[in-house]
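Participant: This is data25.cif, which holds mmCIF, C-alpha atoms:
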```cif
data_model
loop_
_atom_site.group_PDB
_atom_site.id
_atom_site.type_symbol
_atom_site.label_atom_id
_atom_site.label_comp_id
_atom_site.auth_asym_id
_atom_site.auth_seq_id
_atom_site.Cartn_x
_atom_site.Cartn_y
_atom_site.Cartn_z
ATOM 1 C CA MET V 17 22.368 51.545 -137.609
ATOM 2 C CA LEU V 18 21.517 52.806 -141.041
ATOM 3 C CA ALA V 19 22.321 56.420 -141.747
ATOM 4 C CA ARG V 20 19.662 58.325 -143.591
ATOM 5 C CA ILE V 21 21.455 59.945 -146.482
ATOM 6 C CA GLU V 22 20.280 63.450 -147.137
ATOM 7 C CA LYS V 23 20.983 65.616 -150.085
ATOM 8 C CA TYR V 24 23.138 68.085 -148.193
ATOM 9 C CA GLN V 25 24.822 65.757 -145.768
ATOM 10 C CA THR V 26 28.577 66.110 -145.603
ATOM 11 C CA VAL V 27 31.027 63.217 -145.602
ATOM 12 C CA ASP V 28 32.092 64.137 -142.048
ATOM 13 C CA SER V 29 28.579 63.916 -140.760
ATOM 14 C CA LEU V 30 27.986 60.622 -142.553
ATOM 15 C CA ILE V 31 31.049 59.142 -140.909
ATOM 16 C CA GLY V 32 29.921 60.639 -137.600
ATOM 17 C CA GLU V 33 26.545 59.043 -137.912
ATOM 18 C CA LEU V 34 27.950 55.676 -138.864
ATOM 19 C CA LEU V 35 30.221 55.807 -135.842
ATOM 20 C CA GLY V 36 27.225 56.637 -133.692
ATOM 21 C CA PHE V 37 28.101 60.187 -132.698
ATOM 22 C CA SER V 38 25.050 61.907 -131.443
ATOM 23 C CA ARG V 39 23.552 64.824 -133.255
ATOM 24 C CA ASP V 40 22.966 68.151 -131.631
ATOM 25 C CA PRO V 41 19.244 68.070 -130.777
ATOM 26 C CA GLU V 42 19.005 71.803 -131.354
ATOM 27 C CA SER V 43 20.254 71.611 -134.912
ATOM 28 C CA ILE V 44 17.855 68.812 -135.724
ATOM 29 C CA SER V 45 14.984 71.212 -135.355
ATOM 30 C CA ALA V 46 16.693 73.706 -137.670
ATOM 31 C CA SER V 47 15.719 73.521 -141.304
ATOM 32 C CA PRO V 48 18.326 71.491 -143.202
ATOM 33 C CA VAL V 49 17.777 73.543 -146.309
ATOM 34 C CA GLU V 50 18.668 76.865 -144.714
ATOM 35 C CA SER V 51 22.078 75.852 -143.375
ATOM 36 C CA PRO V 52 22.997 72.402 -144.629
ATOM 37 C CA ALA V 53 26.607 72.579 -143.438
ATOM 38 C CA GLU V 54 25.560 73.586 -139.932
ATOM 39 C CA GLU V 55 23.368 70.596 -139.309
ATOM 40 C CA TYR V 56 26.114 68.260 -138.182
ATOM 41 C CA ALA V 57 29.072 68.716 -135.929
ATOM 42 C CA ALA V 58 32.578 68.251 -137.325
ATOM 43 C CA PHE V 59 33.760 66.328 -134.286
ATOM 44 C CA ALA V 60 32.710 64.892 -130.934
ATOM 45 C CA PRO V 61 35.060 65.655 -128.032
ATOM 46 C CA PRO V 62 36.135 62.733 -125.820
ATOM 47 C CA LEU V 63 34.719 62.751 -122.312
ATOM 48 C CA ASP V 64 34.677 61.003 -118.946
ATOM 49 C CA VAL V 65 31.660 60.557 -116.690
ATOM 50 C CA THR V 66 32.139 59.924 -112.989
ATOM 51 C CA GLU V 67 29.953 60.001 -109.917
ATOM 52 C CA ASN V 68 30.345 60.406 -106.203
ATOM 53 C CA LYS V 69 27.726 60.355 -103.454
ATOM 54 C CA GLU V 70 26.329 63.791 -104.264
ATOM 55 C CA GLU V 71 27.261 64.539 -107.861
ATOM 56 C CA VAL V 72 27.666 63.372 -111.415
ATOM 57 C CA VAL V 73 30.771 64.906 -113.014
ATOM 58 C CA VAL V 74 31.321 65.138 -116.765
ATOM 59 C CA VAL V 75 34.759 66.164 -118.050
ATOM 60 C CA ALA V 76 35.306 66.844 -121.774
ATOM 61 C CA GLU V 77 38.526 67.554 -123.675
ATOM 62 C CA LEU V 78 38.179 70.891 -125.447
ATOM 63 C CA PRO V 79 41.682 72.161 -126.239
ATOM 64 C CA GLY V 80 41.837 75.518 -127.996
ATOM 65 C CA VAL V 81 38.185 76.296 -127.299
ATOM 66 C CA LYS V 82 37.218 79.616 -125.760
ATOM 67 C CA LYS V 83 34.773 79.812 -122.872
ATOM 68 C CA GLU V 84 32.351 81.960 -124.846
ATOM 69 C CA ASP V 85 32.223 79.365 -127.643
ATOM 70 C CA VAL V 86 30.851 76.568 -125.459
ATOM 71 C CA LYS V 87 27.158 75.935 -124.930
ATOM 72 C CA ILE V 88 25.846 73.415 -122.440
ATOM 73 C CA SER V 89 22.235 72.341 -122.282
ATOM 74 C CA LEU V 90 20.312 69.911 -120.160
ATOM 75 C CA GLU V 91 17.006 68.517 -121.307
ATOM 76 C CA LYS V 92 15.106 65.377 -120.350
ATOM 77 C CA GLY V 93 18.135 63.761 -118.781
ATOM 78 C CA LEU V 94 20.351 64.496 -121.791
ATOM 79 C CA LEU V 95 23.383 66.703 -121.338
ATOM 80 C CA THR V 96 24.624 68.330 -124.547
ATOM 81 C CA ILE V 97 27.965 70.062 -124.928
ATOM 82 C CA GLY V 98 28.193 72.027 -128.139
ATOM 83 C CA GLY V 99 30.177 74.846 -129.650
ATOM 84 C CA LYS V 100 32.984 75.561 -132.027
ATOM 85 C CA ARG V 101 36.752 75.618 -132.149
ATOM 86 C CA GLY V 102 38.093 78.456 -134.239
ATOM 87 C CA GLU V 103 40.928 78.231 -136.738
ATOM 88 C CA ASP V 104 43.602 80.011 -134.748
ATOM 89 C CA THR V 105 46.776 78.270 -135.870
ATOM 90 C CA LEU V 106 46.706 79.804 -139.324
ATOM 91 C CA SER V 107 46.726 83.577 -139.427
ATOM 92 C CA GLY V 108 48.004 86.236 -141.766
ATOM 93 C CA ASP V 109 50.539 84.877 -144.225
ATOM 94 C CA ALA V 110 51.120 81.605 -142.346
ATOM 95 C CA ARG V 111 51.180 78.394 -144.371
ATOM 96 C CA GLY V 112 49.896 75.155 -142.905
ATOM 97 C CA LEU V 113 52.386 72.264 -142.993
ATOM 98 C CA LEU V 114 50.486 69.860 -140.763
ATOM 99 C CA ARG V 115 46.781 69.929 -139.862
ATOM 100 C CA GLU V 116 45.743 67.356 -137.301
ATOM 101 C CA GLN V 117 43.761 69.369 -134.777
ATOM 102 C CA GLN V 118 40.008 69.065 -134.986
ATOM 103 C CA LYS V 119 38.385 72.405 -135.772
ATOM 104 C CA GLY V 120 34.903 73.686 -136.385
ATOM 105 C CA LYS V 121 31.618 72.762 -134.802
ATOM 106 C CA PHE V 122 31.498 70.086 -132.140
ATOM 107 C CA SER V 123 28.691 68.395 -130.291
ATOM 108 C CA ARG V 124 28.322 65.616 -127.794
ATOM 109 C CA THR V 125 25.297 64.356 -125.929
ATOM 110 C CA VAL V 126 25.326 62.033 -122.944
ATOM 111 C CA ARG V 127 22.427 60.444 -121.133
ATOM 112 C CA LEU V 128 22.885 61.153 -117.442
ATOM 113 C CA PRO V 129 22.793 58.077 -115.214
ATOM 114 C CA TYR V 130 20.804 59.888 -112.496
ATOM 115 C CA GLU V 131 18.221 62.591 -112.183
ATOM 116 C CA VAL V 132 20.034 65.840 -111.405
ATOM 117 C CA ASN V 133 19.153 69.174 -109.896
ATOM 118 C CA ALA V 134 19.371 71.419 -112.962
ATOM 119 C CA ALA V 135 19.508 74.635 -110.959
ATOM 120 C CA GLY V 136 22.693 73.556 -109.194
ATOM 121 C CA VAL V 137 24.759 72.649 -112.256
ATOM 122 C CA SER V 138 28.125 74.398 -112.579
ATOM 123 C CA ALA V 139 30.737 74.313 -115.346
ATOM 124 C CA GLU V 140 34.333 75.429 -115.646
ATOM 125 C CA LEU V 141 36.726 75.468 -118.605
ATOM 126 C CA SER V 142 40.396 75.379 -117.727
ATOM 127 C CA ASP V 143 43.514 74.203 -119.603
ATOM 128 C CA GLY V 144 41.360 72.725 -122.349
ATOM 129 C CA LEU V 145 39.213 70.632 -120.007
ATOM 130 C CA LEU V 146 35.536 71.370 -119.467
ATOM 131 C CA ARG V 147 34.299 70.151 -116.099
ATOM 132 C CA ILE V 148 30.558 70.023 -115.481
ATOM 133 C CA VAL V 149 29.349 69.220 -111.972
ATOM 134 C CA LEU V 150 25.719 68.113 -111.716
ATOM 135 C CA PRO V 151 24.298 67.617 -108.226
ATOM 136 C CA LYS V 152 22.140 64.512 -107.980
ATOM 137 C CA ALA V 153 18.473 65.091 -107.266
ATOM 138 C CA GLU V 154 17.479 64.221 -103.717
ATOM 139 C CA ALA V 155 15.696 61.059 -104.885
ATOM 140 C CA ALA V 156 18.814 59.816 -106.720
ATOM 141 C CA ARG V 157 21.157 60.130 -103.738
ATOM 142 C CA ALA V 158 22.246 57.139 -101.783
ATOM 143 C CA HIS V 159 20.506 56.962 -98.445
ATOM 144 C CA GLU V 160 21.641 54.898 -95.571
ATOM 145 C CA ILE V 161 18.931 52.920 -93.979
ATOM 146 C CA THR V 162 19.234 52.256 -90.315
ATOM 147 C CA VAL V 163 18.266 48.794 -89.221
ATOM 148 C CA ARG V 164 16.224 48.958 -86.091
ATOM 149 C CA MET M 22 67.762 55.912 -133.311
ATOM 150 C CA THR M 23 67.510 53.546 -130.382
ATOM 151 C CA GLN M 24 70.594 55.095 -128.921
ATOM 152 C CA LEU M 25 69.060 58.544 -129.197
ATOM 153 C CA ASN M 26 65.870 57.416 -127.470
ATOM 154 C CA ASN M 27 67.824 55.888 -124.637
ATOM 155 C CA ALA M 28 69.777 59.094 -124.172
ATOM 156 C CA ILE M 29 66.552 61.112 -123.866
ATOM 157 C CA VAL M 30 64.883 58.706 -121.493
ATOM 158 C CA LYS M 31 67.941 58.714 -119.267
ATOM 159 C CA LYS M 32 68.094 62.483 -119.235
ATOM 160 C CA THR M 33 64.407 62.859 -118.345
ATOM 161 C CA ASP M 34 64.704 60.148 -115.737
ATOM 162 C CA VAL M 35 67.417 62.060 -113.963
ATOM 163 C CA GLU M 36 65.393 65.272 -114.081
ATOM 164 C CA ALA M 37 62.130 63.756 -112.896
ATOM 165 C CA GLY M 38 63.579 61.314 -110.418
ATOM 166 C CA PRO M 39 62.178 57.801 -110.536
ATOM 167 C CA GLY M 40 59.113 59.384 -112.198
ATOM 168 C CA ALA M 41 56.164 57.091 -112.537
ATOM 169 C CA PHE M 42 55.021 58.794 -115.707
ATOM 170 C CA LEU M 43 57.933 57.326 -117.639
ATOM 171 C CA ARG M 44 56.211 53.983 -117.335
ATOM 172 C CA ALA M 45 52.786 55.451 -118.071
ATOM 173 C CA PRO M 46 51.129 54.978 -121.470
ATOM 174 C CA LEU M 47 52.151 57.676 -123.926
ATOM 175 C CA SER M 48 49.681 59.648 -126.026
ATOM 176 C CA VAL M 49 50.640 61.494 -129.167
ATOM 177 C CA PRO M 50 49.083 64.968 -129.110
ATOM 178 C CA ALA M 51 47.299 66.068 -132.297
ATOM 179 C CA SER M 52 49.358 68.852 -133.849
ATOM 180 C CA ASP M 53 49.187 71.667 -136.335
ATOM 181 C CA ILE M 54 52.325 73.196 -137.837
ATOM 182 C CA SER M 55 52.316 76.606 -139.466
ATOM 183 C CA GLU M 56 55.129 78.304 -141.325
ATOM 184 C CA THR M 57 55.746 82.003 -141.762
ATOM 185 C CA GLY M 58 58.711 83.822 -143.287
ATOM 186 C CA GLU M 59 60.515 83.948 -139.942
ATOM 187 C CA ALA M 60 59.423 80.878 -138.035
ATOM 188 C CA TYR M 61 57.741 77.512 -137.731
ATOM 189 C CA VAL M 62 55.055 77.262 -135.056
ATOM 190 C CA LEU M 63 53.963 73.883 -133.706
ATOM 191 C CA TYR M 64 50.617 73.685 -131.905
ATOM 192 C CA LEU M 65 50.031 70.586 -129.793
ATOM 193 C CA ASP M 66 46.685 69.645 -128.206
ATOM 194 C CA MET M 67 47.614 68.808 -124.620
ATOM 195 C CA PRO M 68 44.562 69.411 -122.439
ATOM 196 C CA GLY M 69 44.828 68.871 -118.712
ATOM 197 C CA VAL M 70 48.530 69.234 -118.073
ATOM 198 C CA GLN M 71 50.280 71.564 -115.676
ATOM 199 C CA LYS M 72 52.343 74.225 -117.389
ATOM 200 C CA GLU M 73 55.253 73.640 -115.020
ATOM 201 C CA ALA M 74 55.338 69.933 -115.863
ATOM 202 C CA ILE M 75 55.766 70.380 -119.631
ATOM 203 C CA SER M 76 59.227 69.661 -120.940
ATOM 204 C CA VAL M 77 60.366 70.961 -124.318
ATOM 205 C CA THR M 78 63.899 69.924 -125.203
ATOM 206 C CA VAL M 79 66.079 69.951 -128.283
ATOM 207 C CA VAL M 80 68.271 66.883 -128.318
ATOM 208 C CA ASP M 81 70.523 66.612 -131.341
ATOM 209 C CA GLU M 82 68.190 66.855 -134.325
ATOM 210 C CA MET M 83 64.979 66.217 -132.390
ATOM 211 C CA LEU M 84 62.506 68.476 -130.660
ATOM 212 C CA VAL M 85 60.990 66.451 -127.835
ATOM 213 C CA VAL M 86 57.821 67.534 -126.060
ATOM 214 C CA ARG M 87 56.469 65.659 -123.098
ATOM 215 C CA ALA M 88 54.178 66.206 -120.141
ATOM 216 C CA PRO M 89 52.397 64.001 -117.628
ATOM 217 C CA ILE M 90 48.607 64.190 -117.780
ATOM 218 C CA THR M 91 47.246 65.361 -114.434
ATOM 219 C CA PRO M 92 44.697 62.890 -113.010
ATOM 220 C CA ILE M 93 41.292 64.551 -113.299
ATOM 221 C CA HIS M 94 39.166 62.482 -110.990
ATOM 222 C CA GLY M 95 39.301 62.919 -107.242
ATOM 223 C CA GLU M 96 39.299 60.292 -104.536
ATOM 224 C CA GLY M 97 35.941 58.738 -103.870
ATOM 225 C CA SER M 98 34.623 59.098 -107.393
ATOM 226 C CA THR M 99 33.552 56.142 -109.490
ATOM 227 C CA ILE M 100 34.332 56.228 -113.195
ATOM 228 C CA LEU M 101 31.251 55.349 -115.227
ATOM 229 C CA TYR M 102 32.613 56.139 -118.646
ATOM 230 C CA ARG M 103 36.161 56.870 -119.716
ATOM 231 C CA GLU M 104 37.589 58.240 -122.939
ATOM 232 C CA ILE M 105 40.065 60.863 -121.783
ATOM 233 C CA ARG M 106 43.647 59.725 -121.954
ATOM 234 C CA THR M 107 45.784 59.141 -118.919
ATOM 235 C CA GLY M 108 49.525 58.782 -118.581
ATOM 236 C CA ALA M 109 51.615 61.271 -120.494
ATOM 237 C CA TYR M 110 51.843 63.115 -123.774
ATOM 238 C CA GLU M 111 54.924 62.751 -125.895
ATOM 239 C CA ARG M 112 55.829 63.779 -129.391
ATOM 240 C CA ARG M 113 59.109 64.143 -131.268
ATOM 241 C CA PHE M 114 59.774 66.242 -134.317
ATOM 242 C CA ALA M 115 62.871 65.929 -136.451
ATOM 243 C CA LEU M 116 64.458 69.331 -137.002
ATOM 244 C CA GLY M 117 65.880 70.136 -140.415
ATOM 245 C CA GLU M 118 68.570 72.547 -141.446
ATOM 246 C CA GLY M 119 68.038 76.238 -140.906
ATOM 247 C CA ILE M 120 66.293 76.155 -137.532
ATOM 248 C CA ASP M 121 67.756 78.205 -134.718
ATOM 249 C CA ARG M 122 68.035 75.638 -131.931
ATOM 250 C CA LYS M 123 68.941 78.259 -129.342
ATOM 251 C CA ASN M 124 65.780 80.299 -129.857
ATOM 252 C CA VAL M 125 62.838 78.094 -128.956
ATOM 253 C CA ASP M 126 59.830 79.761 -127.376
ATOM 254 C CA ALA M 127 56.941 77.795 -125.884
ATOM 255 C CA ARG M 128 53.659 78.851 -124.355
ATOM 256 C CA TYR M 129 50.686 76.924 -123.000
ATOM 257 C CA GLU M 130 47.186 78.334 -123.303
ATOM 258 C CA ASN M 131 43.698 76.761 -123.235
ATOM 259 C CA GLY M 132 45.220 73.293 -123.309
ATOM 260 C CA VAL M 133 47.308 73.963 -126.414
ATOM 261 C CA LEU M 134 51.103 74.168 -126.363
ATOM 262 C CA ALA M 135 52.573 76.487 -129.004
ATOM 263 C CA VAL M 136 56.275 76.046 -129.777
ATOM 264 C CA ARG M 137 57.914 78.673 -131.967
ATOM 265 C CA LEU M 138 61.102 77.757 -133.798
ATOM 266 C CA LEU M 139 62.866 80.645 -135.463
ATOM 267 C CA LYS M 140 64.505 80.186 -138.826
ATOM 268 C CA THR M 141 68.152 81.044 -139.250
ATOM 269 C CA GLU M 142 69.104 83.774 -141.710
ATOM 270 C CA ALA M 143 69.880 81.181 -144.375
ATOM 271 C CA LEU M 144 66.277 79.974 -144.423
ATOM 272 C CA LYS M 145 64.442 83.278 -144.331
ATOM 273 C CA PRO M 146 62.890 84.411 -147.592
ATOM 274 C CA LYS M 147 64.927 87.055 -149.329
ATOM 275 C CA GLU M 148 63.769 89.833 -151.519
ATOM 276 C CA ILE M 149 65.793 89.904 -154.707
ATOM 277 C CA VAL M 150 66.583 93.378 -155.866
ATOM 278 C CA ILE M 151 66.389 93.865 -159.610
ATOM 279 C CA HIS M 152 69.206 96.035 -160.879
#
```
Using the file provided, produce a representation of the structure as structure tokens.
Facilitator:
Amino acid sequence: MLARIEKYQTVDSLIGELLGFSRDPESISASPVESPAEEYAAFAPPLDVTENKEEVVVVAELPGVKKEDVKISLEKGLLTIGGKRGEDTLSGDARGLLREQQKGKFSRTVRLPYEVNAAGVSAELSDGLLRIVLPKAEAARAHEITVR
Amino acid sequence: MTQLNNAIVKKTDVEAGPGAFLRAPLSVPASDISETGEAYVLYLDMPGVQKEAISVTVVDEMLVVRAPITPIHGEGSTILYREIRTGAYERRFALGEGIDRKNVDARYENGVLAVRLLKTEALKPKEIVIH
């Protein structure tokens, strides 16, 4: 994949694009000139996708992220988890000796393997793990067929 | 060094019983360290662990943090895509001079463990009075 190099693109976002991290669809529509630094996320949180008979479950690692700073959207079978992690380990007169934690804007988009019932989606953030439960649409559920 | 590691493993083994997580793959949590006049604070990204299962110990000149990662997927679910680590978190930090080993405070919030190490008097910044 060839990354399209734009005038305001940051090194982070270039690396992100080369590694294939997905871009936040919402920010794509935003004008790149108005907020060049906002166009790309600083990091993409790791996630797991599982399914059972009734649901698709997506779990993402979001340590240090507050509930109110997470935004989840579902559009055309794409689930996007976006938001920001604040700089909360440096405050007042504190001096940073080691900086490994990923901070700033994050975004991750996954294509859902099944059609889901958008109205029934629920999400919970606890101990740094975001758990999104998406009920499968009736048509996507496994049905047992009785042999007559 | 090897001797030290063995000592720690033995100690934890006794505490946790024949704990399976000792044989589990270890992940190194991403960490930030901040310094103020009075203390060093270590912040470790450890999402998905139980507070009660976190062990923070000072063994000789090492601060050792470890915790098993709680399995997140229930019975009957099929994993389609996996990136989140399993096993256990572990990280060791060598402690230098001037850290009060008796006064270690740790708290776990939003998946981040914060460990505060107080400096001893010798290491605290001093105001020099001009006569």
Participant: Take every atom of segment 97-110 of chain V listed in the file, fit an axis-aligned box around them, add 8 Å per side, and give the centre and edge lengths in Å to one decimal as lines of an AutoDock Vina configuration file.
Facilitator:
```
center_x = 39.5
center_y = 78.1
center_z = -134.6
size_x = 39.2
size_y = 32.2
size_z = 35.3
```
Participant: Kindly resolve the PyMOL selection byres ((chain V) within 10 of (chain M)) on the present coordinates and return the residues as a ChimeraX atom specification.
Facilitator: /V:61-69,71-83,104-118,129,141-147
Participant: Record the distance separating atom CA of Leu95 of chain V and atom CA of Gly120 of chain V, expressed in Å with one decimal.
Facilitator: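 Separating atom CA of Leu95 of chain V from atom CA of Gly120 of chain V is a distance of 20.2 Å.
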Participant: Please list as a ChimeraX atom specification every residue within 9 Å of Gly98 of chain V, counting all atoms listed in the file and excluding residues in the same chain fewer than 4 positions away.
Facilitator: /V:40,57,60,85-89,121-125
Participant: Find the distance between atom CA of Ala115 of chain M and atom CA of Thr78 of chain M and write it in Å to one decimal.
Facilitator: 12.0 Å
Participant: Which residues fall under the PyMOL selection byres ((chain V and resi 137) around 10) in this file, as a ChimeraX atom specification?
Facilitator: /V:71-73,90,132-136,138-139,148-152
Participant: Pick from M:Lys140, M:Arg113, M:Gly119, M:Val150: nearest to Val80 of chain M, with all atoms listed in the file counted?
Facilitator: M:Arg113
Participant: Just give me the gap between atom CA of Leu138 of chain M and atom CA of Val79 of chain M in Å, one decimal is fine.
Facilitator: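 According to the coordinates, atom CA of Leu138 of chain M and atom CA of Val79 of chain M are separated by 10.8 Å.
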Participant: For the structure provided, state which residues fall under the PyMOL selection byres ((chain M and resi 120) around 8), and present them as a CSV table (one decimal) with C-alpha atoms, in the frame of the given file.
Facilitator:
```
chain,number,residue,atom,x,y,z
M,116,LEU,CA,64.5,69.3,-137.0
M,117,GLY,CA,65.9,70.1,-140.4
M,118,GLU,CA,68.6,72.5,-141.4
M,119,GLY,CA,68.0,76.2,-140.9
M,121,ASP,CA,67.8,78.2,-134.7
M,122,ARG,CA,68.0,75.6,-131.9
M,138,LEU,CA,61.1,77.8,-133.8
M,139,LEU,CA,62.9,80.6,-135.5
M,140,LYS,CA,64.5,80.2,-138.8
M,141,THR,CA,68.2,81.0,-139.2
M,144,LEU,CA,66.3,80.0,-144.4
```
